>>> print(open('model-v3.cif').read())   # mmCIF, C-alpha atoms
data_protein
loop_
_atom_site.label_atom_id
_atom_site.label_comp_id
_atom_site.auth_asym_id
_atom_site.auth_seq_id
_atom_site.Cartn_x
_atom_site.Cartn_y
_atom_site.Cartn_z
CA MET J 1 148.50 110.64 92.59
CA SER J 2 146.18 113.27 94.14
CA SER J 3 146.46 114.07 97.83
CA PRO J 4 143.83 112.34 99.98
CA LEU J 5 140.61 114.31 100.12
CA ARG J 6 139.92 115.69 103.60
CA ILE J 7 136.34 114.61 104.35
CA GLY J 8 133.88 115.10 107.19
CA VAL J 9 130.55 113.46 107.95
CA ILE J 10 127.63 115.18 109.66
CA GLY J 11 124.98 112.72 110.83
CA LEU J 12 126.09 109.33 112.14
CA GLY J 13 122.84 107.44 112.03
CA GLN J 14 122.42 104.20 110.11
CA ARG J 15 123.12 105.73 106.70
CA GLY J 16 125.87 108.02 107.94
CA LEU J 17 127.70 105.05 109.46
CA GLN J 18 127.43 103.18 106.16
CA HIS J 19 128.95 106.17 104.39
CA LEU J 20 131.67 106.34 107.03
CA ALA J 21 132.58 102.69 106.41
CA ALA J 22 132.88 103.37 102.66
CA LEU J 23 135.05 106.41 103.31
CA TRP J 24 137.25 104.38 105.67
CA GLN J 25 137.81 101.92 102.82
CA LEU J 26 138.74 104.81 100.53
CA GLN J 27 141.09 106.13 103.22
CA GLN J 28 142.84 102.78 103.35
CA GLU J 29 143.20 103.02 99.57
CA GLY J 30 144.81 106.46 99.89
CA ALA J 31 142.01 108.44 98.23
CA ALA J 32 140.44 110.04 101.31
CA GLU J 33 141.17 111.11 104.87
CA ILE J 34 138.36 111.26 107.41
CA VAL J 35 139.17 114.33 109.49
CA ALA J 36 135.92 115.34 111.20
CA LEU J 37 132.65 113.85 112.43
CA GLY J 38 129.58 115.65 113.70
CA ASP J 39 126.34 114.47 115.24
CA ALA J 40 123.63 116.02 117.41
CA PHE J 41 123.97 113.23 119.98
CA PRO J 42 127.23 112.69 121.91
CA ALA J 43 126.56 108.94 122.22
CA ASN J 44 127.02 108.61 118.46
CA LEU J 45 130.52 110.10 118.60
CA THR J 46 132.21 107.83 121.11
CA VAL J 47 135.31 105.94 120.04
CA ALA J 48 133.78 102.65 121.17
CA LYS J 49 130.59 103.04 119.16
CA LEU J 50 132.33 104.23 116.00
CA GLY J 51 134.76 101.34 116.24
CA THR J 52 131.89 98.88 116.54
CA TYR J 53 130.30 100.01 113.27
CA VAL J 54 133.52 100.84 111.39
CA PRO J 55 136.20 98.42 112.62
CA GLY J 56 139.69 99.84 112.53
CA LEU J 57 138.60 103.46 112.26
CA PRO J 58 141.06 105.62 114.27
CA ALA J 59 138.23 107.63 115.80
CA GLU J 60 140.37 108.99 118.62
CA SER J 61 142.42 111.00 116.10
CA ILE J 62 139.37 112.42 114.27
CA GLU J 63 137.77 115.73 115.25
CA ARG J 64 134.35 114.91 116.77
CA THR J 65 131.72 117.41 117.81
CA THR J 66 128.02 118.04 118.36
CA ASN J 67 128.52 121.60 117.05
CA THR J 68 128.24 120.70 113.39
CA HIS J 69 128.59 124.27 112.11
CA SER J 70 131.99 124.45 113.81
CA LEU J 71 133.24 121.76 111.40
CA ILE J 72 132.22 123.92 108.47
CA ASP J 73 133.86 127.03 109.92
CA ALA J 74 137.12 125.37 110.97
CA ASP J 75 138.82 125.18 107.54
CA LEU J 76 139.37 121.44 107.99
CA LEU J 77 137.49 120.05 105.03
CA ASP J 78 137.69 119.63 101.29
CA ALA J 79 134.39 117.74 101.19
CA LEU J 80 131.50 117.03 103.52
CA TYR J 81 128.81 114.36 103.76
CA ILE J 82 125.51 115.56 105.24
CA ALA J 83 123.37 112.60 106.29
CA ILE J 84 120.82 114.08 108.68
CA PRO J 85 117.01 113.68 108.71
CA PRO J 86 115.45 115.81 105.96
CA ASN J 87 113.34 117.87 108.37
CA VAL J 88 116.15 119.07 110.67
CA HIS J 89 118.47 121.00 108.35
CA LYS J 90 119.72 124.23 109.88
CA GLY J 91 121.67 125.83 107.06
CA GLU J 92 124.51 123.27 106.96
CA VAL J 93 124.38 122.80 103.18
CA VAL J 94 124.35 126.52 102.42
CA ALA J 95 127.12 127.28 104.92
CA ALA J 96 129.34 124.50 103.57
CA ALA J 97 128.80 125.60 99.97
CA GLN J 98 129.62 129.20 100.83
CA ALA J 99 132.83 127.94 102.49
CA GLY J 100 133.81 126.22 99.24
CA ILE J 101 133.35 122.70 100.65
CA HIS J 102 132.25 120.06 98.13
CA LEU J 103 129.04 118.34 99.17
CA PHE J 104 127.47 114.90 99.36
CA VAL J 105 123.89 115.36 100.61
CA GLU J 106 121.65 112.44 101.52
CA LYS J 107 118.14 112.20 100.06
CA PRO J 108 115.60 113.62 100.46
CA MET J 109 117.69 116.78 100.64
CA SER J 110 114.82 118.55 102.42
CA LEU J 111 111.08 118.17 102.88
CA TYR J 112 110.63 121.78 101.73
CA LEU J 113 111.31 123.01 98.19
CA ASP J 114 112.23 126.57 99.22
CA GLU J 115 114.93 125.20 101.50
CA ALA J 116 116.19 122.84 98.78
CA LEU J 117 116.21 125.66 96.21
CA GLU J 118 118.29 127.76 98.61
CA MET J 119 120.74 124.87 98.88
CA GLU J 120 120.85 124.46 95.09
CA ASN J 121 121.49 128.17 94.55
CA ALA J 122 124.33 128.19 97.09
CA ILE J 123 125.95 125.14 95.48
CA ARG J 124 125.65 126.62 92.00
CA ASP J 125 126.97 130.03 93.07
CA ALA J 126 129.96 128.43 94.82
CA GLY J 127 130.84 126.26 91.82
CA ILE J 128 131.53 123.24 94.03
CA ILE J 129 131.14 119.55 93.16
CA SER J 130 127.95 118.04 94.57
CA THR J 131 126.10 114.77 94.62
CA VAL J 132 122.97 113.40 96.28
CA GLY J 133 122.81 109.92 97.79
CA PHE J 134 120.95 108.10 95.04
CA GLN J 135 123.28 105.13 95.31
CA GLN J 136 120.84 102.85 93.48
CA ARG J 137 122.08 104.39 90.23
CA TYR J 138 125.33 102.49 90.91
CA ASP J 139 123.60 99.10 91.30
CA SER J 140 124.95 96.82 88.55
CA GLN J 141 121.43 95.61 87.75
CA HIS J 142 120.22 99.18 87.36
CA GLU J 143 123.27 100.07 85.26
CA ALA J 144 122.48 97.15 82.96
CA LEU J 145 118.88 98.30 82.58
CA ALA J 146 120.01 101.84 81.77
CA GLY J 147 122.08 100.44 78.90
CA PHE J 148 119.30 98.13 77.74
CA LEU J 149 116.70 100.90 77.60
CA ALA J 150 118.99 103.48 75.99
CA ASP J 151 117.62 102.87 72.45
CA LYS J 152 114.06 101.87 73.40
CA PRO J 153 110.96 104.09 73.66
CA VAL J 154 109.80 103.56 77.25
CA VAL J 155 106.05 103.92 77.66
CA MET J 156 105.46 103.06 81.33
CA ALA J 157 107.08 102.07 84.61
CA CYS J 158 105.15 100.44 87.45
CA TYR J 159 106.32 100.17 91.05
CA THR J 160 104.45 98.65 94.00
CA LEU J 161 105.56 98.57 97.62
CA HIS J 162 103.40 97.47 100.55
CA ALA J 163 105.35 97.82 103.80
CA PRO J 164 104.23 97.68 107.43
CA ILE J 165 103.90 101.03 109.14
CA GLU J 166 105.79 99.66 112.15
CA ALA J 167 108.92 99.06 110.05
CA HIS J 168 112.09 101.08 109.55
CA SER J 169 112.83 102.74 112.86
CA VAL J 170 115.92 104.88 113.28
CA LYS J 171 118.72 103.20 115.21
CA HIS J 172 120.84 106.16 116.29
CA THR J 173 118.67 109.30 116.23
CA PHE J 174 116.92 109.88 119.54
CA THR J 175 113.77 111.28 117.94
CA GLU J 176 111.88 111.11 121.22
CA THR J 177 114.15 113.82 122.66
CA VAL J 178 113.66 116.28 119.81
CA GLY J 179 109.91 116.24 119.24
CA GLY J 180 109.81 113.15 117.05
CA PRO J 181 108.21 109.72 117.37
CA LYS J 182 108.72 108.15 120.78
CA ASN J 183 109.11 104.73 119.18
CA ARG J 184 111.63 106.12 116.63
CA VAL J 185 109.67 104.81 113.64
CA TRP J 186 110.41 107.93 111.61
CA THR J 187 108.94 106.56 108.35
CA ALA J 188 105.47 106.55 109.95
CA SER J 189 105.60 110.27 110.74
CA ARG J 190 104.86 112.74 107.99
CA ALA J 191 106.72 115.51 109.82
CA TRP J 192 109.90 113.41 109.78
CA SER J 193 109.61 111.47 106.52
CA GLY J 194 107.41 113.63 104.32
CA GLY J 195 105.22 110.61 103.69
CA THR J 196 105.93 107.30 102.00
CA VAL J 197 106.10 108.69 98.45
CA VAL J 198 108.83 111.11 99.58
CA GLU J 199 110.71 108.74 101.88
CA ALA J 200 110.50 105.48 99.91
CA GLY J 201 109.06 106.37 96.52
CA ILE J 202 111.90 108.75 95.74
CA HIS J 203 114.19 105.74 95.09
CA PRO J 204 112.27 104.14 92.20
CA LEU J 205 111.31 107.60 90.93
CA ASP J 206 114.96 108.57 90.71
CA LEU J 207 115.75 105.31 88.91
CA TRP J 208 113.06 106.09 86.35
CA ARG J 209 114.75 109.45 85.80
CA TYR J 210 118.12 107.70 85.45
CA TRP J 211 116.65 105.37 82.83
CA PHE J 212 114.43 107.68 80.79
CA GLY J 213 114.45 111.33 81.87
CA ASP J 214 112.79 114.04 83.90
CA VAL J 215 109.27 114.33 85.34
CA VAL J 216 107.13 117.21 84.06
CA TRP J 217 103.81 116.61 85.88
CA VAL J 218 102.39 114.58 88.77
CA GLN J 219 98.91 113.53 89.87
CA ALA J 220 98.24 111.65 93.12
CA HIS J 221 95.52 110.39 95.45
CA TYR J 222 96.08 109.11 99.00
CA ILE J 223 93.84 107.27 101.45
CA GLN J 224 94.29 109.21 104.67
CA ARG J 225 94.59 107.65 108.13
CA PRO J 226 91.83 109.05 110.37
CA PRO J 227 92.85 110.71 113.66
CA ALA J 228 91.34 107.86 115.73
CA GLU J 229 93.79 105.43 114.12
CA ILE J 230 96.96 107.46 114.66
CA PHE J 231 99.15 105.78 117.28
CA ASP J 232 102.70 106.74 118.31
CA GLY J 233 102.59 109.64 115.87
CA ALA J 234 102.10 107.31 112.88
CA ASP J 235 100.03 109.74 110.80
CA ASN J 236 101.10 108.83 107.27
CA PRO J 237 98.27 107.76 104.94
CA TYR J 238 97.20 104.15 104.55
CA ALA J 239 97.78 104.02 100.81
CA TYR J 240 99.13 106.09 97.94
CA ASN J 241 98.69 106.12 94.20
CA ALA J 242 100.82 108.53 92.19
CA THR J 243 101.23 108.97 88.44
CA PHE J 244 104.30 110.74 87.10
CA GLY J 245 104.37 112.17 83.59
CA PHE J 246 107.80 112.21 81.95
CA ALA J 247 109.17 114.57 79.33
CA ASN J 248 109.55 111.67 76.88
CA GLY J 249 105.82 110.89 77.15
CA ALA J 250 106.16 107.87 79.45
CA LEU J 251 104.10 107.35 82.58
CA GLY J 252 105.33 106.14 85.95
CA VAL J 253 102.69 104.58 88.20
CA MET J 254 103.51 104.12 91.87
CA THR J 255 101.30 102.26 94.35
CA LEU J 256 102.38 102.23 98.01
CA SER J 257 100.89 101.43 101.39
CA ARG J 258 101.76 101.54 105.08
CA LEU J 259 99.31 99.31 106.94
CA ARG J 260 99.27 98.32 110.59
CA ARG J 261 99.50 94.68 111.78
CA VAL J 262 100.88 93.35 108.50
CA TYR J 263 104.56 92.82 109.42
CA ALA J 264 105.42 91.69 105.91
CA SER J 265 106.46 93.63 102.82
CA TYR J 266 105.60 93.06 99.19
CA GLY J 267 107.04 94.75 96.13
CA GLU J 268 107.30 94.53 92.37
CA HIS J 269 108.90 96.67 89.70
CA GLN J 270 108.47 96.63 85.92
CA VAL J 271 109.42 98.87 83.00
CA LEU J 272 107.59 98.67 79.66
CA TRP J 273 108.83 99.79 76.28
CA ASN J 274 106.79 99.71 73.06
CA GLU J 275 107.58 96.05 72.33
CA GLY J 276 108.25 94.43 75.67
CA ARG J 277 108.75 94.71 79.37
CA VAL J 278 111.48 94.21 81.95
CA VAL J 279 110.88 92.78 85.40
CA LEU J 280 113.25 93.76 88.21
CA GLU J 281 113.65 91.23 91.00
CA ARG J 282 116.26 90.86 93.71
CA GLU J 283 118.00 87.96 91.96
CA SER J 284 117.42 88.84 88.33
CA LEU J 285 116.61 91.36 85.62
CA THR J 286 114.42 89.67 83.02
CA ALA J 287 113.13 90.92 79.67
CA PHE J 288 109.97 89.63 77.97
CA HIS J 289 110.13 90.26 74.22
CA TYR J 290 109.72 88.25 71.04
CA GLY J 291 112.55 88.90 68.60
CA GLY J 292 111.69 86.48 65.79
CA ASP J 293 109.78 86.92 62.55
CA TYR J 294 106.69 89.01 63.13
CA PRO J 295 103.93 88.14 63.21
CA PRO J 296 104.89 84.61 64.24
CA ALA J 297 103.25 81.62 62.59
CA GLN J 298 102.20 80.41 66.03
CA THR J 299 102.22 81.82 69.53
CA PRO J 300 105.81 81.69 70.89
CA ALA J 301 106.55 79.38 73.80
CA PRO J 302 107.33 81.09 77.14
CA GLY J 303 111.04 80.39 76.75
CA GLU J 304 111.10 82.22 73.42
CA VAL J 305 110.02 85.54 74.93
CA ARG J 306 111.99 85.44 78.17
CA SER J 307 115.66 86.43 78.44
CA LEU J 308 117.88 87.07 81.45
CA LEU J 309 119.56 90.47 81.17
CA HIS J 310 121.42 90.45 84.48
CA GLY J 311 121.58 88.56 87.75
CA LYS J 312 121.58 90.10 91.21
CA ASN J 313 123.46 93.28 91.95
CA THR J 314 127.22 92.79 92.31
CA ASN J 315 128.18 96.30 93.42
CA ASP J 316 128.66 97.80 96.86
CA THR J 317 126.64 100.85 95.86
CA THR J 318 127.57 102.90 98.93
CA TYR J 319 131.25 102.44 98.13
CA GLU J 320 130.72 103.08 94.40
CA ILE J 321 128.94 106.39 94.92
CA ALA J 322 131.60 107.44 97.44
CA ALA J 323 134.42 106.58 95.05
CA ALA J 324 132.72 108.49 92.23
CA PHE J 325 132.24 111.56 94.45
CA VAL J 326 135.83 111.56 95.71
CA ARG J 327 137.20 111.18 92.20
CA ALA J 328 134.91 113.94 90.89
CA VAL J 329 136.21 116.34 93.54
CA GLN J 330 139.84 115.38 92.99
CA GLU J 331 139.55 115.80 89.23
CA LYS J 332 137.12 118.75 89.40
CA ARG J 333 134.72 116.91 87.07
CA GLN J 334 131.07 117.14 88.08
CA GLU J 335 130.11 114.73 85.29
CA LEU J 336 131.75 111.83 87.12
CA VAL J 337 128.81 111.59 89.54
CA ARG J 338 125.43 110.34 88.34
CA SER J 339 123.28 112.78 90.28
CA SER J 340 124.39 116.30 91.06
CA PHE J 341 122.36 118.35 93.51
CA SER J 342 120.72 120.26 90.65
CA ASP J 343 119.86 117.02 88.84
CA ALA J 344 118.36 115.57 92.04
CA MET J 345 116.01 118.52 92.38
CA ASN J 346 113.67 117.01 89.79
CA SER J 347 113.39 113.80 91.83
CA LEU J 348 112.68 115.78 95.01
CA ALA J 349 110.19 118.09 93.31
CA ALA J 350 108.34 115.14 91.76
CA VAL J 351 107.69 113.33 95.05
CA ILE J 352 106.76 116.54 96.85
CA ALA J 353 104.43 117.29 93.94
CA ALA J 354 102.61 114.04 94.70
CA ASN J 355 101.87 115.33 98.22
CA VAL J 356 100.73 118.66 96.80
CA SER J 357 98.46 116.96 94.26
CA ASP J 358 96.77 114.92 96.97
CA GLU J 359 96.32 118.01 99.14
CA LEU J 360 94.61 119.69 96.16
CA GLY J 361 92.17 116.82 95.64
CA GLY J 362 94.19 114.99 93.02
CA ALA J 363 94.91 117.99 90.80
CA ARG J 364 97.60 117.66 88.15
CA VAL J 365 100.71 119.54 89.30
CA GLU J 366 103.16 120.80 86.69
CA ILE J 367 106.73 120.62 88.05
CA ASP J 368 107.81 123.92 86.51
CA GLU J 369 104.86 125.70 88.09
CA LEU J 370 105.44 124.05 91.44
CA MET J 371 109.02 125.30 91.45
CA ASN J 372 108.32 128.82 90.24
CA SER J 373 104.69 129.92 90.43
CA GLU J 374 103.37 132.12 93.20
CA LYS J 375 100.25 129.93 93.45
CA TYR J 376 102.40 127.16 94.96
CA ALA J 377 104.39 129.42 97.31
CA ALA J 378 102.73 128.01 100.43
CA HIS J 379 103.54 124.45 99.31
CA ARG J 380 107.22 125.29 98.85
CA ALA J 381 107.66 127.05 102.21
CA LYS J 382 109.30 125.46 105.22
CA LYS J 383 106.71 124.62 107.85
#
>>> encode(input="model-v3.cif", output="structure tokens")
Amino acid sequence: MSSPLRIGVIGLGQRGLQHLAALWQLQQEGAAEIVALGDAFPANLTVAKLGTYVPGLPAESIERTTNTHSLIDADLLDALYIAIPPNVHKGEVVAAAQAGIHLFVEKPMSLYLDEALEMENAIRDAGIISTVGFQQRYDSQHEALAGFLADKPVVMACYTLHAPIEAHSVKHTFTETVGGPKNRVWTASRAWSGGTVVEAGIHPLDLWRYWFGDVVWVQAHYIQRPPAEIFDGADNPYAYNATFGFANGALGVMTLSRLRRVYASYGEHQVLWNEGRVVLERESLTAFHYGGDYPPAQTPAPGEVRSLLHGKNTNDTTYEIAAAFVRAVQEKRQELVRSSFSDAMNSLAAVIAANVSDELGGARVEIDELMNSEKYAAHRAKK
């Protein structure tokens, strides 16, 4: 059996604490050892708080510090989780890669493509194992759909999410002390979230890539929120429509909104292949397709075209992605994770391309050009 992997976590907000709980489970199974924790805010590092969110964690015996770069420099770690807001990176990924530390980086990896490309180059040059936190690829429902679509020509995916702008505040990051929203609703601030396509849309977009391949172009239009209606720094647009063109010829259509005074969310998700469609719901994965003699003598009854492919998700996706990452590092097999950093770059570039397209009046943005052409240099640069 391999020695337990020495792991640290930088960023102990809501998602970082969830990762910490998964790693604690792996530690109890003998696969990992949590040796270091870092966070910008001392209150997030206390033994009492950590014990509240991860019962049983021996926090008093774990190195804890607000100087996150010191964890990278201390030769303590085999692997490191970085779960900090995407707009506040200060070279942690590059430094860790250069130190030979294997990396789990939460999404979005950055709000700026130049910064993300620098991270990717450092990871590639170091030859370390990497993954990005697209845990939805480990959802049993999404796994089932990946298998179902493997031999089918997908033609379109459609995703809709209408969520209140007041929703999804951070619970552990004191944004009001570091120039962020005073009410901590980070998803409403473009400077913190990158906008709703980047912050929320990246999840279904990455699933589309998991199911049927990479994005090659993007075109988007947003309905902007006028200055007179920006309160508490909530400057993200009212509504978004983005179309993603995939290398296999399929289209992905994403419709999102962040409206005030709604306080209720609505969503739907469908994938269409040339002879049917699949509907994803919380409790079920359902296909609509007629498999009998064609054309039928009479219109099939509803029950004849509807089949249940899978029920609700049965996986703890945060644990599953952690277990895959730990095993990949132990066995030195990058292919054991479903999204390496380099793979995740297409997901990040695609959602940033939607922002760029809107800024350019809805122009079609080719991903390769966005990543490499001088004409997009200003859109790649860190603000």
>>> resolve_selection(input="model-v3.cif", expression="the PyMOL selection byres ((chain J and resi 365) around 7)", output="VMD selection string")
chain J and resid 217 to 219 353 357 363 to 364 366 to 367 370
>>> resolve_selection(input="model-v3.cif", expression="the PyMOL selection byres ((chain J and resi 160-166) around 6)", output="JSON, numbers by chain")
{"J": [159, 167, 188, 254, 255, 256, 257, 258, 259, 260, 262, 263, 265, 266, 267, 268]}
>>> resolve_selection(input="model-v3.cif", expression="the PyMOL selection byres ((chain J and resi 9) around 8)", output="list in words")
Ile7, Gly8, Ile10, Gly11, Leu12, Gly16, Leu20, Ala36, Leu37, Gly38, Leu80, Tyr81, Ile82 and Ala83 of chain J
>>> atom_distance(input="model-v3.cif", atom1="atom CA of J:Leu57", atom2="atom CA of J:Gly30")
14.2 Å
>>> atom_distance(input="model-v3.cif", atom1="atom CA of J:Val215", atom2="atom CA of J:Ala344")
11.4 Å
>>> closest_atom_pairs(input="model-v3.cif", of="stretch 274-368 of chain J", to="stretch 93-113 of chain J", cutoff="10 Å", atoms="only C-alpha atoms", output="tab-separated table")
residue	atom	partner	partner_atom	distance
J:Ile321	CA	J:Phe104	CA	9.7
J:Ala322	CA	J:Phe104	CA	8.7
J:Phe325	CA	J:Phe104	CA	7.6
J:Val326	CA	J:His102	CA	9.5
J:Ala328	CA	J:His102	CA	9.8
J:Val329	CA	J:His102	CA	7.1
J:Ser340	CA	J:Phe104	CA	9.0
J:Phe341	CA	J:Val105	CA	7.9
J:Ala344	CA	J:Lys107	CA	8.7
J:Met345	CA	J:Met109	CA	8.6
J:Ser347	CA	J:Pro108	CA	8.9
J:Leu348	CA	J:Pro108	CA	6.5
J:Ala349	CA	J:Leu113	CA	7.0
J:Val351	CA	J:Pro108	CA	9.6
J:Ile352	CA	J:Leu111	CA	7.6
J:Ala353	CA	J:Leu113	CA	9.9
>>> atom_distance(input="model-v3.cif", atom1="atom CA of J:Tyr138", atom2="atom CA of J:Trp211")
12.2 Å
>>> closest_residue(input="model-v3.cif", among="J:Gln18, J:Phe174, J:Gly91, J:Gln25", to="J:Pro42", atoms="only C-alpha atoms")
J:Phe174
>>> residues_around(input="model-v3.cif", residues="J:Leu5", least_positions_apart="6", cutoff="7 Å", atoms="all atoms listed in the file", output="PDB file with C-alpha atoms, in the coordinates of the input")
ATOM      1  CA  ALA J  31     142.010 108.440  98.230  1.00  0.00           C
ATOM      2  CA  ALA J  32     140.440 110.040 101.310  1.00  0.00           C
ATOM      3  CA  GLU J  33     141.170 111.110 104.870  1.00  0.00           C
ATOM      4  CA  ASP J  78     137.690 119.630 101.290  1.00  0.00           C
TER       5      ASP J  78
END
>>> closest_residue(input="model-v3.cif", among="J:Arg380, J:His289, J:His221, J:Arg137", to="J:Val337", atoms="only C-alpha atoms")
J:Arg137
>>> closest_residue(input="model-v3.cif", among="J:Ile230, J:Ala350, J:Ile62, J:Ala287", to="J:Gly245", atoms="all atoms listed in the file")
J:Ala350
>>> closest_residue(input="model-v3.cif", among="J:Glu92, J:Glu199, J:Leu280, J:Thr46", to="J:Asp73", atoms="all atoms listed in the file")
J:Glu92
>>> closest_residue(input="model-v3.cif", among="J:Ala59, J:Val271, J:Ala297, J:Ala48", to="J:Leu149", atoms="all atoms listed in the file")
J:Val271
>>> closest_residue(input="model-v3.cif", among="J:Leu145, J:Arg327, J:Met371, J:Pro300", to="J:Pro4", atoms="only C-alpha atoms")
J:Arg327
>>> build_atoms(input="model-v3.cif", residues="stretch 64-78 of chain J", atoms="N, CA and C atoms", output="PDB file, keeping the file's coordinate frame")
ATOM      1  N   ARG J  64     135.739 115.339 116.564  1.00  0.00           N
ATOM      2  CA  ARG J  64     134.350 114.910 116.770  1.00  0.00           C
ATOM      3  C   ARG J  64     133.628 115.970 117.595  1.00  0.00           C
ATOM      4  N   THR J  65     132.424 116.344 117.133  1.00  0.00           N
ATOM      5  CA  THR J  65     131.720 117.410 117.810  1.00  0.00           C
ATOM      6  C   THR J  65     130.224 117.354 117.577  1.00  0.00           C
ATOM      7  N   THR J  66     129.463 117.881 118.547  1.00  0.00           N
ATOM      8  CA  THR J  66     128.020 118.040 118.360  1.00  0.00           C
ATOM      9  C   THR J  66     127.707 119.416 117.754  1.00  0.00           C
ATOM     10  N   ASN J  67     128.690 120.284 117.674  1.00  0.00           N
ATOM     11  CA  ASN J  67     128.520 121.600 117.050  1.00  0.00           C
ATOM     12  C   ASN J  67     128.894 121.476 115.578  1.00  0.00           C
ATOM     13  N   THR J  68     127.926 121.037 114.768  1.00  0.00           N
ATOM     14  CA  THR J  68     128.240 120.700 113.390  1.00  0.00           C
ATOM     15  C   THR J  68     128.681 121.910 112.564  1.00  0.00           C
ATOM     16  N   HIS J  69     128.164 123.084 112.875  1.00  0.00           N
ATOM     17  CA  HIS J  69     128.590 124.270 112.110  1.00  0.00           C
ATOM     18  C   HIS J  69     130.058 124.595 112.374  1.00  0.00           C
ATOM     19  N   SER J  70     130.575 124.187 113.535  1.00  0.00           N
ATOM     20  CA  SER J  70     131.990 124.450 113.810  1.00  0.00           C
ATOM     21  C   SER J  70     132.900 123.687 112.845  1.00  0.00           C
ATOM     22  N   LEU J  71     132.452 122.515 112.375  1.00  0.00           N
ATOM     23  CA  LEU J  71     133.240 121.760 111.400  1.00  0.00           C
ATOM     24  C   LEU J  71     133.345 122.516 110.082  1.00  0.00           C
ATOM     25  N   ILE J  72     132.249 123.164 109.728  1.00  0.00           N
ATOM     26  CA  ILE J  72     132.220 123.920 108.470  1.00  0.00           C
ATOM     27  C   ILE J  72     133.103 125.156 108.577  1.00  0.00           C
ATOM     28  N   ASP J  73     133.122 125.779 109.737  1.00  0.00           N
ATOM     29  CA  ASP J  73     133.860 127.030 109.920  1.00  0.00           C
ATOM     30  C   ASP J  73     135.345 126.835 110.193  1.00  0.00           C
ATOM     31  N   ALA J  74     135.765 125.591 110.458  1.00  0.00           N
ATOM     32  CA  ALA J  74     137.120 125.370 110.970  1.00  0.00           C
ATOM     33  C   ALA J  74     138.191 125.218 109.901  1.00  0.00           C
ATOM     34  N   ASP J  75     137.862 125.319 108.637  1.00  0.00           N
ATOM     35  CA  ASP J  75     138.820 125.180 107.540  1.00  0.00           C
ATOM     36  C   ASP J  75     139.551 123.835 107.594  1.00  0.00           C
ATOM     37  N   LEU J  76     138.801 122.789 107.917  1.00  0.00           N
ATOM     38  CA  LEU J  76     139.370 121.440 107.990  1.00  0.00           C
ATOM     39  C   LEU J  76     139.117 120.621 106.747  1.00  0.00           C
ATOM     40  N   LEU J  77     138.086 120.984 105.979  1.00  0.00           N
ATOM     41  CA  LEU J  77     137.490 120.050 105.030  1.00  0.00           C
ATOM     42  C   LEU J  77     137.641 120.465 103.575  1.00  0.00           C
ATOM     43  N   ASP J  78     137.846 119.461 102.735  1.00  0.00           N
ATOM     44  CA  ASP J  78     137.690 119.630 101.290  1.00  0.00           C
ATOM     45  C   ASP J  78     136.273 119.244 100.868  1.00  0.00           C
TER      46      ASP J  78
END
